[in-house]
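**Student:** So that you have it, the file is run21.txt, and it contains compact mmCIF, C-alpha atoms and all ligand atoms:
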```txt
# COMPACT_ATOMS: atom_id res chain seq x y z
CA MET A 30 -185.47 -23.52 38.70
CA LYS A 31 -182.83 -22.93 41.42
CA GLU A 32 -184.02 -25.97 43.33
CA HIS A 33 -183.19 -28.06 40.26
CA SER A 34 -179.83 -26.53 39.41
CA ALA A 35 -177.73 -29.33 41.00
CA LYS A 36 -179.72 -32.03 39.19
CA LEU A 37 -179.43 -30.13 35.90
CA SER A 38 -175.66 -29.70 36.34
CA ILE A 39 -175.26 -33.42 37.05
CA LEU A 40 -177.31 -34.19 33.94
CA LYS A 41 -175.02 -31.96 31.87
CA TYR A 42 -172.02 -34.04 32.93
CA LEU A 43 -173.87 -37.31 32.39
CA SER A 44 -175.25 -36.27 29.01
CA ASP A 45 -172.07 -37.51 27.27
CA GLY A 46 -173.18 -41.09 28.06
CA GLU A 47 -169.88 -41.86 29.87
CA PHE A 48 -169.37 -42.99 33.48
CA HIS A 49 -168.90 -40.26 36.09
CA SER A 50 -168.06 -41.17 39.67
CA GLY A 51 -170.09 -39.79 42.56
CA GLU A 52 -166.87 -38.39 43.98
CA ASP A 53 -166.01 -36.52 40.79
CA LEU A 54 -169.54 -35.15 40.37
CA GLY A 55 -169.57 -34.11 44.03
CA GLU A 56 -166.25 -32.28 43.69
CA ARG A 57 -167.39 -30.44 40.57
CA LEU A 58 -170.59 -29.30 42.23
CA GLY A 59 -169.11 -28.73 45.68
CA ILE A 60 -171.45 -31.24 47.33
CA SER A 61 -171.06 -34.59 49.12
CA ARG A 62 -171.33 -38.01 47.43
CA ALA A 63 -174.46 -38.64 49.48
CA ALA A 64 -175.98 -35.45 48.07
CA VAL A 65 -175.06 -36.58 44.53
CA SER A 66 -176.79 -39.90 45.17
CA LYS A 67 -179.92 -38.07 46.37
CA HIS A 68 -179.94 -35.90 43.23
CA ILE A 69 -179.51 -38.98 41.03
CA LYS A 70 -182.72 -40.37 42.55
CA GLY A 71 -184.43 -37.08 41.72
CA ILE A 72 -183.18 -37.31 38.12
CA GLN A 73 -184.52 -40.86 37.89
CA SER A 74 -187.89 -39.63 39.12
CA TRP A 75 -187.99 -37.40 36.02
CA GLY A 76 -188.00 -40.52 33.87
CA VAL A 77 -184.28 -40.59 33.01
CA ASP A 78 -182.56 -43.98 33.02
CA VAL A 79 -179.38 -43.58 35.12
CA PHE A 80 -177.32 -46.68 35.82
CA SER A 81 -175.13 -46.93 38.86
CA VAL A 82 -172.16 -49.35 38.76
CA GLN A 83 -169.91 -49.94 41.77
CA ARG A 84 -166.46 -48.32 41.49
CA LYS A 85 -167.40 -46.77 38.12
CA GLY A 86 -170.15 -44.37 39.06
CA TYR A 87 -173.19 -43.20 37.15
CA ARG A 88 -174.02 -43.41 33.46
CA LEU A 89 -177.06 -42.64 31.30
CA ALA A 90 -178.57 -45.44 29.21
CA ALA A 91 -177.57 -43.38 26.15
CA PRO A 92 -176.04 -39.94 25.50
CA MET A 93 -178.61 -37.15 25.76
CA GLN A 94 -178.64 -33.94 23.76
CA LEU A 95 -179.96 -31.26 26.08
CA LEU A 96 -181.92 -28.28 24.80
CA ASP A 97 -179.79 -25.15 24.60
CA GLN A 98 -181.18 -21.67 25.17
CA GLN A 99 -178.55 -19.93 23.05
CA GLN A 100 -178.85 -22.28 20.08
CA LEU A 101 -182.61 -22.09 20.14
CA SER A 102 -182.60 -18.29 20.28
CA GLU A 103 -180.23 -18.16 17.32
CA LEU A 104 -182.34 -20.53 15.25
CA VAL A 105 -185.84 -19.13 15.82
CA SER A 106 -187.52 -15.95 14.68
CA VAL A 107 -189.47 -15.37 17.94
CA PRO A 108 -188.55 -14.92 21.63
CA VAL A 109 -188.06 -18.34 23.22
CA GLU A 110 -187.64 -19.18 26.88
CA LEU A 111 -186.20 -22.55 27.91
CA ILE A 112 -187.35 -23.63 31.38
CA SER A 113 -185.91 -27.08 31.86
CA VAL A 114 -188.32 -28.23 34.58
CA ILE A 115 -191.82 -26.79 34.63
CA ASP A 116 -195.36 -27.78 35.60
CA SER A 117 -196.78 -27.22 32.09
CA THR A 118 -195.51 -24.96 29.29
CA ASN A 119 -199.15 -24.16 28.41
CA GLN A 120 -199.89 -23.15 32.00
CA TYR A 121 -196.75 -21.00 32.17
CA LEU A 122 -197.83 -18.91 29.18
CA LEU A 123 -201.52 -18.79 30.23
CA ASP A 124 -200.46 -17.38 33.61
CA ARG A 125 -198.53 -14.61 31.86
CA ALA A 126 -200.86 -14.00 28.89
CA ASP A 127 -201.44 -10.33 29.76
CA SER A 128 -197.77 -9.44 29.45
CA LEU A 129 -196.88 -11.51 26.37
CA SER A 130 -196.76 -10.66 22.70
CA SER A 131 -197.76 -13.01 19.87
CA GLY A 132 -195.15 -15.60 19.02
CA GLN A 133 -193.56 -15.89 22.46
CA VAL A 134 -192.48 -19.48 23.19
CA CYS A 135 -191.85 -21.55 26.29
CA ILE A 136 -190.07 -24.90 25.91
CA ALA A 137 -189.17 -27.49 28.53
CA GLU A 138 -187.21 -30.71 29.08
CA TYR A 139 -189.67 -32.08 31.66
CA GLN A 140 -193.23 -31.28 32.65
CA GLU A 141 -194.45 -32.17 36.12
CA LYS A 142 -198.06 -31.64 35.10
CA GLY A 143 -198.14 -31.89 31.32
CA ARG A 144 -201.72 -32.06 30.14
CA GLY A 145 -203.84 -33.03 27.16
CA ARG A 146 -207.42 -32.21 26.33
CA ARG A 147 -210.05 -32.27 29.06
CA GLY A 148 -207.52 -32.43 31.87
CA ARG A 149 -205.91 -35.68 30.73
CA GLU A 150 -202.23 -36.18 31.45
CA TRP A 151 -199.43 -35.75 28.93
CA VAL A 152 -196.59 -38.05 29.92
CA SER A 153 -193.45 -35.89 29.78
CA PRO A 154 -190.20 -37.65 30.73
CA PHE A 155 -187.03 -35.51 30.83
CA GLY A 156 -184.93 -35.02 27.75
CA SER A 157 -186.42 -37.56 25.38
CA ASN A 158 -189.26 -35.59 23.77
CA LEU A 159 -190.34 -32.03 22.94
CA TYR A 160 -192.76 -29.98 25.03
CA MET A 161 -193.39 -26.46 23.77
CA SER A 162 -196.05 -23.76 23.74
CA MET A 163 -196.55 -20.51 21.83
CA TYR A 164 -198.67 -17.55 22.87
CA TRP A 165 -200.83 -15.91 20.19
CA ARG A 166 -203.32 -13.06 20.42
CA LEU A 167 -206.07 -13.82 17.92
CA ASP A 168 -208.16 -10.81 16.98
CA ALA A 169 -210.77 -13.07 15.35
CA GLY A 170 -211.64 -14.20 18.90
CA MET A 171 -212.33 -17.58 20.47
CA ALA A 172 -214.64 -18.92 17.78
CA ALA A 173 -211.69 -19.15 15.39
CA ALA A 174 -209.63 -21.31 17.74
CA MET A 175 -211.03 -24.68 16.61
CA GLY A 176 -209.76 -24.26 13.06
CA LEU A 177 -206.45 -23.17 14.41
CA SER A 178 -205.56 -26.50 16.04
CA LEU A 179 -206.23 -28.21 12.68
CA VAL A 180 -204.09 -25.71 10.79
CA VAL A 181 -201.22 -26.15 13.23
CA GLY A 182 -201.38 -29.95 12.83
CA VAL A 183 -201.20 -29.70 9.04
CA ALA A 184 -198.30 -27.24 9.17
CA ILE A 185 -196.28 -29.44 11.54
CA VAL A 186 -196.75 -32.59 9.42
CA GLU A 187 -195.83 -30.69 6.25
CA ALA A 188 -192.69 -29.37 7.97
CA LEU A 189 -191.72 -32.94 8.96
CA GLU A 190 -192.31 -34.04 5.36
CA LYS A 191 -189.97 -31.28 4.14
CA MET A 192 -187.32 -32.77 6.44
CA GLY A 193 -187.86 -36.11 4.73
CA VAL A 194 -189.96 -37.76 7.46
CA GLU A 195 -192.65 -39.88 5.84
CA GLY A 196 -195.80 -41.54 7.13
CA ILE A 197 -196.96 -38.97 9.70
CA LYS A 198 -200.75 -38.53 9.65
CA LEU A 199 -203.40 -36.53 11.46
CA LYS A 200 -206.25 -37.59 13.71
CA TRP A 201 -209.07 -35.09 14.14
CA PRO A 202 -208.86 -32.74 15.89
CA ASN A 203 -205.44 -32.51 17.53
CA ASP A 204 -203.18 -35.52 17.17
CA LEU A 205 -200.28 -36.56 14.96
CA TYR A 206 -200.12 -40.27 14.26
CA PHE A 207 -197.51 -42.70 12.99
CA GLU A 208 -198.61 -46.18 11.97
CA ASP A 209 -201.90 -45.81 13.84
CA ARG A 210 -200.16 -44.74 17.04
CA LYS A 211 -200.10 -41.34 18.73
CA LEU A 212 -196.87 -39.45 18.07
CA ALA A 213 -197.81 -35.94 19.15
CA GLY A 214 -200.70 -33.92 20.53
CA ILE A 215 -201.66 -30.29 20.10
CA LEU A 216 -203.50 -28.46 22.86
CA VAL A 217 -205.02 -25.03 22.20
CA GLU A 218 -206.10 -23.26 25.38
CA MET A 219 -207.35 -19.70 25.78
CA SER A 220 -208.27 -16.91 28.07
CA GLY A 221 -210.36 -13.92 26.98
CA GLN A 222 -214.00 -13.04 26.62
CA ALA A 223 -216.40 -14.17 23.95
CA GLY A 224 -216.48 -11.53 21.24
CA ALA A 225 -213.15 -9.97 22.21
CA ALA A 226 -209.66 -10.89 21.02
CA ALA A 227 -208.55 -14.25 22.42
CA ASN A 228 -205.33 -14.95 24.29
CA LEU A 229 -204.36 -18.31 22.87
CA VAL A 230 -201.72 -20.76 23.96
CA ILE A 231 -200.89 -23.44 21.44
CA GLY A 232 -199.00 -26.32 23.03
CA MET A 233 -197.42 -29.31 21.38
CA GLY A 234 -195.89 -32.43 22.82
CA MET A 235 -194.03 -34.72 20.42
CA ASN A 236 -192.40 -38.00 21.31
CA LEU A 237 -188.90 -38.13 19.84
CA MET A 238 -186.96 -40.92 21.48
CA MET A 239 -189.27 -42.24 24.18
CA GLN A 240 -188.51 -45.92 24.78
CA ASN A 241 -190.98 -48.60 25.75
CA ASN A 242 -188.72 -49.80 28.53
CA GLN A 243 -187.82 -46.31 29.70
CA GLN A 244 -188.55 -45.48 33.32
CA ALA A 245 -191.67 -43.43 33.79
CA PRO A 246 -191.50 -40.07 35.51
CA SER A 247 -192.61 -40.52 39.09
CA ASN A 248 -195.69 -38.31 38.99
CA ASN A 249 -197.84 -41.41 39.24
CA ILE A 250 -197.90 -42.12 35.53
CA THR A 251 -196.20 -45.05 33.87
CA LEU A 252 -195.37 -44.98 30.18
CA GLN A 253 -197.31 -48.19 29.96
CA GLY A 254 -200.11 -46.19 31.56
CA ILE A 255 -200.52 -44.09 28.40
CA THR A 256 -203.98 -45.32 27.65
CA GLN A 257 -203.46 -45.84 23.93
CA PRO A 258 -200.77 -46.97 21.47
CA TRP A 259 -198.00 -44.38 21.07
CA ALA A 260 -195.04 -43.82 18.76
CA SER A 261 -191.76 -41.89 18.72
CA LEU A 262 -190.36 -39.86 15.84
CA SER A 263 -187.16 -41.93 15.90
CA GLU A 264 -189.24 -44.82 14.50
CA ALA A 265 -190.42 -42.73 11.56
CA ILE A 266 -186.90 -41.44 10.91
CA GLY A 267 -185.34 -44.85 11.40
CA ALA A 268 -182.56 -43.44 13.59
CA ASP A 269 -182.06 -42.95 17.31
CA VAL A 270 -180.24 -39.65 17.04
CA ILE A 271 -182.31 -36.52 16.51
CA ASP A 272 -180.93 -32.98 16.81
CA ARG A 273 -183.53 -31.77 19.30
CA ASN A 274 -182.48 -28.12 19.16
CA LYS A 275 -182.70 -27.97 15.36
CA LEU A 276 -185.99 -29.84 15.30
CA ALA A 277 -187.51 -27.68 18.04
CA ALA A 278 -186.41 -24.54 16.19
CA THR A 279 -187.92 -25.74 12.92
CA LEU A 280 -191.20 -26.59 14.64
CA ILE A 281 -191.31 -23.22 16.43
CA ASN A 282 -190.73 -21.35 13.16
CA THR A 283 -193.41 -23.53 11.54
CA LEU A 284 -195.90 -22.68 14.29
CA ASP A 285 -195.17 -18.98 13.90
CA SER A 286 -195.73 -18.96 10.15
CA ALA A 287 -198.83 -21.20 10.39
CA LEU A 288 -200.43 -18.81 12.87
CA ARG A 289 -199.65 -15.81 10.68
CA GLU A 290 -201.15 -17.60 7.69
CA TYR A 291 -204.24 -18.54 9.69
CA GLU A 292 -204.69 -14.94 10.79
CA ASP A 293 -204.61 -13.78 7.16
CA CYS A 294 -206.49 -16.58 5.39
CA GLY A 295 -208.37 -18.63 8.02
CA MET A 296 -209.15 -22.21 6.93
CA THR A 297 -209.13 -21.39 3.23
CA GLY A 298 -207.01 -23.91 1.38
CA PHE A 299 -206.50 -26.08 4.47
CA VAL A 300 -209.28 -28.61 3.92
CA SER A 301 -207.54 -30.45 1.09
CA ARG A 302 -204.20 -30.22 2.90
CA TRP A 303 -205.80 -31.80 5.99
CA ASN A 304 -207.65 -34.47 4.01
CA ARG A 305 -204.44 -35.62 2.29
CA LEU A 306 -202.97 -36.33 5.72
CA ASP A 307 -206.08 -37.63 7.54
CA ASN A 308 -205.17 -40.97 9.16
CA PHE A 309 -208.75 -42.26 9.16
CA ILE A 310 -210.20 -41.01 5.89
CA GLY A 311 -212.23 -43.79 4.25
CA ARG A 312 -211.98 -45.94 7.39
CA GLU A 313 -214.70 -47.05 9.78
CA VAL A 314 -214.65 -44.93 12.91
CA ARG A 315 -216.65 -44.13 16.04
CA LEU A 316 -217.29 -40.62 17.34
CA ILE A 317 -217.68 -40.62 21.10
CA MET A 318 -219.65 -37.75 22.66
CA GLY A 319 -220.30 -38.36 26.34
CA ASN A 320 -222.27 -41.60 26.38
CA LYS A 321 -223.44 -41.21 22.78
CA GLU A 322 -221.57 -42.98 19.97
CA ILE A 323 -221.86 -42.51 16.21
CA LYS A 324 -220.47 -45.01 13.74
CA GLY A 325 -219.61 -44.37 10.12
CA ILE A 326 -216.90 -43.89 7.52
CA ALA A 327 -214.58 -40.91 8.09
CA GLN A 328 -214.68 -38.40 5.22
CA GLY A 329 -212.13 -35.84 6.38
CA ILE A 330 -213.10 -32.30 7.43
CA ASN A 331 -215.15 -29.39 6.03
CA GLU A 332 -214.39 -25.63 5.73
CA GLN A 333 -215.48 -25.06 9.35
CA GLY A 334 -213.06 -27.69 10.61
CA ALA A 335 -215.86 -30.13 11.51
CA VAL A 336 -215.22 -33.85 11.11
CA LEU A 337 -217.34 -35.51 8.39
CA ILE A 338 -218.79 -38.98 8.85
CA LYS A 339 -220.85 -41.00 6.38
CA THR A 340 -223.48 -42.80 8.45
CA SER A 341 -226.58 -44.76 7.55
CA GLN A 342 -228.40 -41.39 7.76
CA GLY A 343 -226.12 -39.68 5.19
CA LEU A 344 -223.15 -37.32 5.51
CA GLU A 345 -223.00 -35.77 8.98
CA SER A 346 -220.65 -33.12 10.37
CA TYR A 347 -219.56 -32.80 14.01
CA ILE A 348 -217.57 -30.11 15.75
CA GLY A 349 -216.77 -29.36 19.40
CA GLY A 350 -214.24 -29.96 22.13
CA GLU A 351 -216.03 -32.89 23.73
CA ILE A 352 -215.82 -35.25 20.75
CA SER A 353 -213.31 -38.11 20.51
CA LEU A 354 -212.66 -40.01 17.29
CA ARG A 355 -211.64 -43.65 17.52
CA PRO A 356 -211.15 -46.43 14.98
CA SER A 357 -214.12 -48.76 14.88
CA VAL A 358 -211.94 -51.49 16.45
P1 LIG B 401 -209.23 -37.31 22.04
O1 LIG B 401 -208.72 -35.96 22.34
O2 LIG B 401 -209.67 -37.48 20.66
O3 LIG B 401 -210.17 -37.86 23.04
P2 LIG B 401 -206.91 -38.70 23.16
O4 LIG B 401 -207.37 -39.93 23.84
O5 LIG B 401 -205.63 -38.76 22.42
O6 LIG B 401 -207.94 -38.24 22.07
P3 LIG B 401 -206.03 -36.33 24.46
O7 LIG B 401 -206.62 -35.57 25.59
O8 LIG B 401 -205.94 -35.68 23.12
O9 LIG B 401 -206.85 -37.66 24.31
O10 LIG B 401 -204.55 -36.77 24.87
C1 LIG B 401 -204.28 -37.24 26.15
C2 LIG B 401 -204.08 -38.73 26.09
O11 LIG B 401 -202.91 -39.01 25.35
C3 LIG B 401 -203.84 -39.37 27.45
O12 LIG B 401 -205.04 -39.78 28.04
C4 LIG B 401 -202.93 -40.56 27.14
O13 LIG B 401 -203.65 -41.71 26.83
C5 LIG B 401 -202.22 -40.13 25.87
N1 LIG B 401 -200.84 -39.70 26.15
C6 LIG B 401 -200.34 -39.10 27.25
N2 LIG B 401 -199.03 -38.85 27.12
C7 LIG B 401 -198.68 -39.30 25.90
C8 LIG B 401 -197.48 -39.31 25.18
N3 LIG B 401 -196.33 -38.81 25.65
N4 LIG B 401 -197.51 -39.87 23.93
C9 LIG B 401 -198.64 -40.38 23.41
N5 LIG B 401 -199.82 -40.39 24.04
C10 LIG B 401 -199.85 -39.84 25.28
C1 LIG B 402 -203.44 -33.84 23.45
O1 LIG B 402 -203.13 -34.77 22.71
O2 LIG B 402 -204.49 -33.83 24.09
C2 LIG B 402 -202.58 -32.65 23.54
C3 LIG B 402 -201.30 -32.89 24.27
C4 LIG B 402 -200.52 -31.60 24.39
C5 LIG B 402 -199.26 -31.75 25.18
C6 LIG B 402 -198.47 -30.48 25.14
S1 LIG B 402 -196.83 -30.66 25.81
C7 LIG B 402 -196.60 -28.94 25.78
C8 LIG B 402 -197.91 -28.31 26.23
N1 LIG B 402 -197.96 -28.23 27.67
C9 LIG B 402 -198.92 -29.02 28.17
O3 LIG B 402 -199.17 -29.16 29.39
N2 LIG B 402 -199.58 -29.66 27.18
C10 LIG B 402 -199.05 -29.29 25.89
```
Before anything else, please render the file you have as structure tokens.

**Tutor:**
Amino acid sequence: MKEHSAKLSILKYLSDGEFHSGEDLGERLGISRAAVSKHIKGIQSWGVDVFSVQRKGYRLAAPMQLLDQQQLSELVSVPVELISVIDSTNQYLLDRADSLSSGQVCIAEYQEKGRGRRGREWVSPFGSNLYMSMYWRLDAGMAAAMGLSLVVGVAIVEALEKMGVEGIKLKWPNDLYFEDRKLAGILVEMSGQAGAAANLVIGMGMNLMMQNNQQAPSNNITLQGITQPWASLSEAIGADVIDRNKLAATLINTLDSALREYEDCGMTGFVSRWNRLDNFIGREVRLIMGNKEIKGIAQGINEQGAVLIKTSQGLESYIGGEISLRPSV
């Protein structure tokens, strides 16, 4: 964190969207103009668009509302730790699982190594999206974890609906979609032994104001390199301004209550809630499992959280971490 403190201080000044000269920033931080310029390059490598204009100084493409530890702590019912720059919020909690209690949250502005399922990358530019994870100790053990990622997805979409956001759907097993494009992903990871209680980390990345023409973070990923169509919540809301602290707090509280509910009731009652929101229900899809592919009409999920597909052989159910669902082009 310390190594990033100068960059974070500069970003705080720039977050108002106004011009700030290198000289002024340098004076405020007690560093040279050359050092400011070096830090600006570092900020750009996090995926932030900073413009530099001669004799005027530096300016962000748009004002940026930074996450605020104090506001978040006031608004949520669980302990939350804001670490602005991190490798992965999921990894941070997994590394500390033994000393955590259920509900503990880590949230970040930028992930150097954000990840999705099966080691894929989660593109995580600074300040424009949400990246958060919650630790949960699940006494029901690892076997119950599959249902949990479905339950979390349903709870998050319902919370967005309560805020008036329409048109957000679910793709089995772990994605939120808007207009057939990926808006958010949920990643449940665990440590623990089969049969014993599981240490779970439930991570969520949601695009809020990511722009198509935004610079990519420099960890070798371009936004264009996201290998599938993606969306931002600002499109669903129809506005470019989102109160990130309030939204993050609402989503954290939603996660907490969804996990409590899941602990008490399991998947009971969730199937119909999922099916109402299923992006592909009734549509032709492919299930990809290694080099095997199954085609059929998506029929939602069953009580075990398996995806149901009507094929030429009849109604089939599939469950497991290695399965990818795709529209049938
Ligand atoms: P499945 O899990 O069903 O195979 P998936 O292709 O969405 O679906 P995941 O592992 O769930 O795979 O998610 C990681 C993928 O998400 C990446 O390979 C990339 O294509 C995409 N991705 C990465 N970052 C983002 C982002 N910020 N917004 C939307 N999509 C992203
Ligand atoms: C997916 O679609 O495969 C899941 C993406 C999950 C991304 C989030 S961002 C916060 C948390 N930390 C990570 O490294 N990944 C998850």

**Student:** Would you mind listing the residues within 9 Å of ligand LIG 401 (chain B), counting all atoms listed in the file, as a compact mmCIF listing (two decimals) with C-alpha atoms, in the frame of the given file?

**Tutor:**
```
# COMPACT_ATOMS: atom_id res chain seq x y z
CA GLY A 143 -198.14 -31.89 31.32
CA ARG A 144 -201.72 -32.06 30.14
CA GLY A 145 -203.84 -33.03 27.16
CA ARG A 146 -207.42 -32.21 26.33
CA ARG A 147 -210.05 -32.27 29.06
CA GLY A 148 -207.52 -32.43 31.87
CA ARG A 149 -205.91 -35.68 30.73
CA GLU A 150 -202.23 -36.18 31.45
CA TRP A 151 -199.43 -35.75 28.93
CA VAL A 152 -196.59 -38.05 29.92
CA SER A 153 -193.45 -35.89 29.78
CA PRO A 154 -190.20 -37.65 30.73
CA ASN A 158 -189.26 -35.59 23.77
CA LYS A 200 -206.25 -37.59 13.71
CA TRP A 201 -209.07 -35.09 14.14
CA PRO A 202 -208.86 -32.74 15.89
CA ASN A 203 -205.44 -32.51 17.53
CA ASP A 204 -203.18 -35.52 17.17
CA ARG A 210 -200.16 -44.74 17.04
CA LYS A 211 -200.10 -41.34 18.73
CA LEU A 212 -196.87 -39.45 18.07
CA ALA A 213 -197.81 -35.94 19.15
CA GLY A 214 -200.70 -33.92 20.53
CA ILE A 215 -201.66 -30.29 20.10
CA LEU A 216 -203.50 -28.46 22.86
CA GLY A 234 -195.89 -32.43 22.82
CA MET A 235 -194.03 -34.72 20.42
CA ASN A 236 -192.40 -38.00 21.31
CA MET A 239 -189.27 -42.24 24.18
CA LEU A 252 -195.37 -44.98 30.18
CA GLY A 254 -200.11 -46.19 31.56
CA ILE A 255 -200.52 -44.09 28.40
CA THR A 256 -203.98 -45.32 27.65
CA GLN A 257 -203.46 -45.84 23.93
CA PRO A 258 -200.77 -46.97 21.47
CA TRP A 259 -198.00 -44.38 21.07
CA ALA A 260 -195.04 -43.82 18.76
CA SER A 261 -191.76 -41.89 18.72
CA LEU A 316 -217.29 -40.62 17.34
CA ILE A 317 -217.68 -40.62 21.10
CA GLY A 350 -214.24 -29.96 22.13
CA GLU A 351 -216.03 -32.89 23.73
CA ILE A 352 -215.82 -35.25 20.75
CA SER A 353 -213.31 -38.11 20.51
CA LEU A 354 -212.66 -40.01 17.29
CA ARG A 355 -211.64 -43.65 17.52
```

**Student:** Of the candidates A:Glu56, A:Glu208, A:Asp124, A:Asp78, which one gets nearest to Leu40 (chain A) if we count all atoms listed in the file?

**Tutor:** A:Asp78

**Student:** Nearest to Arg289 (chain A): which of A:Ala90, A:Leu159, A:Leu167, A:Val77 is it, counting only C-alpha atoms?

**Tutor:**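 Answer, going by the shortest atom-to-atom distance: A:Leu167.
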
**Student:** May I have the protein, DNA and RNA residues with an atom at most 12 Å from (-210.4, -40.0, 10.1), counting all atoms listed in the file in the file's coordinates, returned as a ChimeraX atom specification?

**Tutor:** /A:198-206,209,303-316,324-330,335-339,353-357

**Student:** Store the residues picked out above, limited to C-alpha atoms, as a PDB file, in the frame of the given file.

**Tutor:**
```pdb
ATOM      1  CA  LYS A 198    -200.750 -38.530   9.650  1.00  0.00           C
ATOM      2  CA  LEU A 199    -203.400 -36.530  11.460  1.00  0.00           C
ATOM      3  CA  LYS A 200    -206.250 -37.590  13.710  1.00  0.00           C
ATOM      4  CA  TRP A 201    -209.070 -35.090  14.140  1.00  0.00           C
ATOM      5  CA  PRO A 202    -208.860 -32.740  15.890  1.00  0.00           C
ATOM      6  CA  ASN A 203    -205.440 -32.510  17.530  1.00  0.00           C
ATOM      7  CA  ASP A 204    -203.180 -35.520  17.170  1.00  0.00           C
ATOM      8  CA  LEU A 205    -200.280 -36.560  14.960  1.00  0.00           C
ATOM      9  CA  TYR A 206    -200.120 -40.270  14.260  1.00  0.00           C
ATOM     10  CA  ASP A 209    -201.900 -45.810  13.840  1.00  0.00           C
ATOM     11  CA  TRP A 303    -205.800 -31.800   5.990  1.00  0.00           C
ATOM     12  CA  ASN A 304    -207.650 -34.470   4.010  1.00  0.00           C
ATOM     13  CA  ARG A 305    -204.440 -35.620   2.290  1.00  0.00           C
ATOM     14  CA  LEU A 306    -202.970 -36.330   5.720  1.00  0.00           C
ATOM     15  CA  ASP A 307    -206.080 -37.630   7.540  1.00  0.00           C
ATOM     16  CA  ASN A 308    -205.170 -40.970   9.160  1.00  0.00           C
ATOM     17  CA  PHE A 309    -208.750 -42.260   9.160  1.00  0.00           C
ATOM     18  CA  ILE A 310    -210.200 -41.010   5.890  1.00  0.00           C
ATOM     19  CA  GLY A 311    -212.230 -43.790   4.250  1.00  0.00           C
ATOM     20  CA  ARG A 312    -211.980 -45.940   7.390  1.00  0.00           C
ATOM     21  CA  GLU A 313    -214.700 -47.050   9.780  1.00  0.00           C
ATOM     22  CA  VAL A 314    -214.650 -44.930  12.910  1.00  0.00           C
ATOM     23  CA  ARG A 315    -216.650 -44.130  16.040  1.00  0.00           C
ATOM     24  CA  LEU A 316    -217.290 -40.620  17.340  1.00  0.00           C
ATOM     25  CA  LYS A 324    -220.470 -45.010  13.740  1.00  0.00           C
ATOM     26  CA  GLY A 325    -219.610 -44.370  10.120  1.00  0.00           C
ATOM     27  CA  ILE A 326    -216.900 -43.890   7.520  1.00  0.00           C
ATOM     28  CA  ALA A 327    -214.580 -40.910   8.090  1.00  0.00           C
ATOM     29  CA  GLN A 328    -214.680 -38.400   5.220  1.00  0.00           C
ATOM     30  CA  GLY A 329    -212.130 -35.840   6.380  1.00  0.00           C
ATOM     31  CA  ILE A 330    -213.100 -32.300   7.430  1.00  0.00           C
ATOM     32  CA  ALA A 335    -215.860 -30.130  11.510  1.00  0.00           C
ATOM     33  CA  VAL A 336    -215.220 -33.850  11.110  1.00  0.00           C
ATOM     34  CA  LEU A 337    -217.340 -35.510   8.390  1.00  0.00           C
ATOM     35  CA  ILE A 338    -218.790 -38.980   8.850  1.00  0.00           C
ATOM     36  CA  LYS A 339    -220.850 -41.000   6.380  1.00  0.00           C
ATOM     37  CA  SER A 353    -213.310 -38.110  20.510  1.00  0.00           C
ATOM     38  CA  LEU A 354    -212.660 -40.010  17.290  1.00  0.00           C
ATOM     39  CA  ARG A 355    -211.640 -43.650  17.520  1.00  0.00           C
ATOM     40  CA  PRO A 356    -211.150 -46.430  14.980  1.00  0.00           C
ATOM     41  CA  SER A 357    -214.120 -48.760  14.880  1.00  0.00           C
TER      42      SER A 357
END
```

**Student:** From the list A:Ala184, A:Met175, A:Ile136, A:Ala268, which residue is nearest ligand LIG 402 (chain B) when using only C-alpha atoms and all ligand atoms?

**Tutor:**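 The closest residue to ligand LIG 402 (chain B) is A:Ile136.
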
**Student:** If we count only C-alpha atoms, what is near Gln83 (chain A) at a cut-off of 12 Å, once residues fewer than 5 positions away on the same chain are taken out, given as a CSV table (one decimal) with C-alpha atoms, in the coordinates of the input?

**Tutor:**
```csv
chain,number,residue,atom,x,y,z
A,48,PHE,CA,-169.4,-43.0,33.5
A,49,HIS,CA,-168.9,-40.3,36.1
A,50,SER,CA,-168.1,-41.2,39.7
A,51,GLY,CA,-170.1,-39.8,42.6
A,88,ARG,CA,-174.0,-43.4,33.5
```
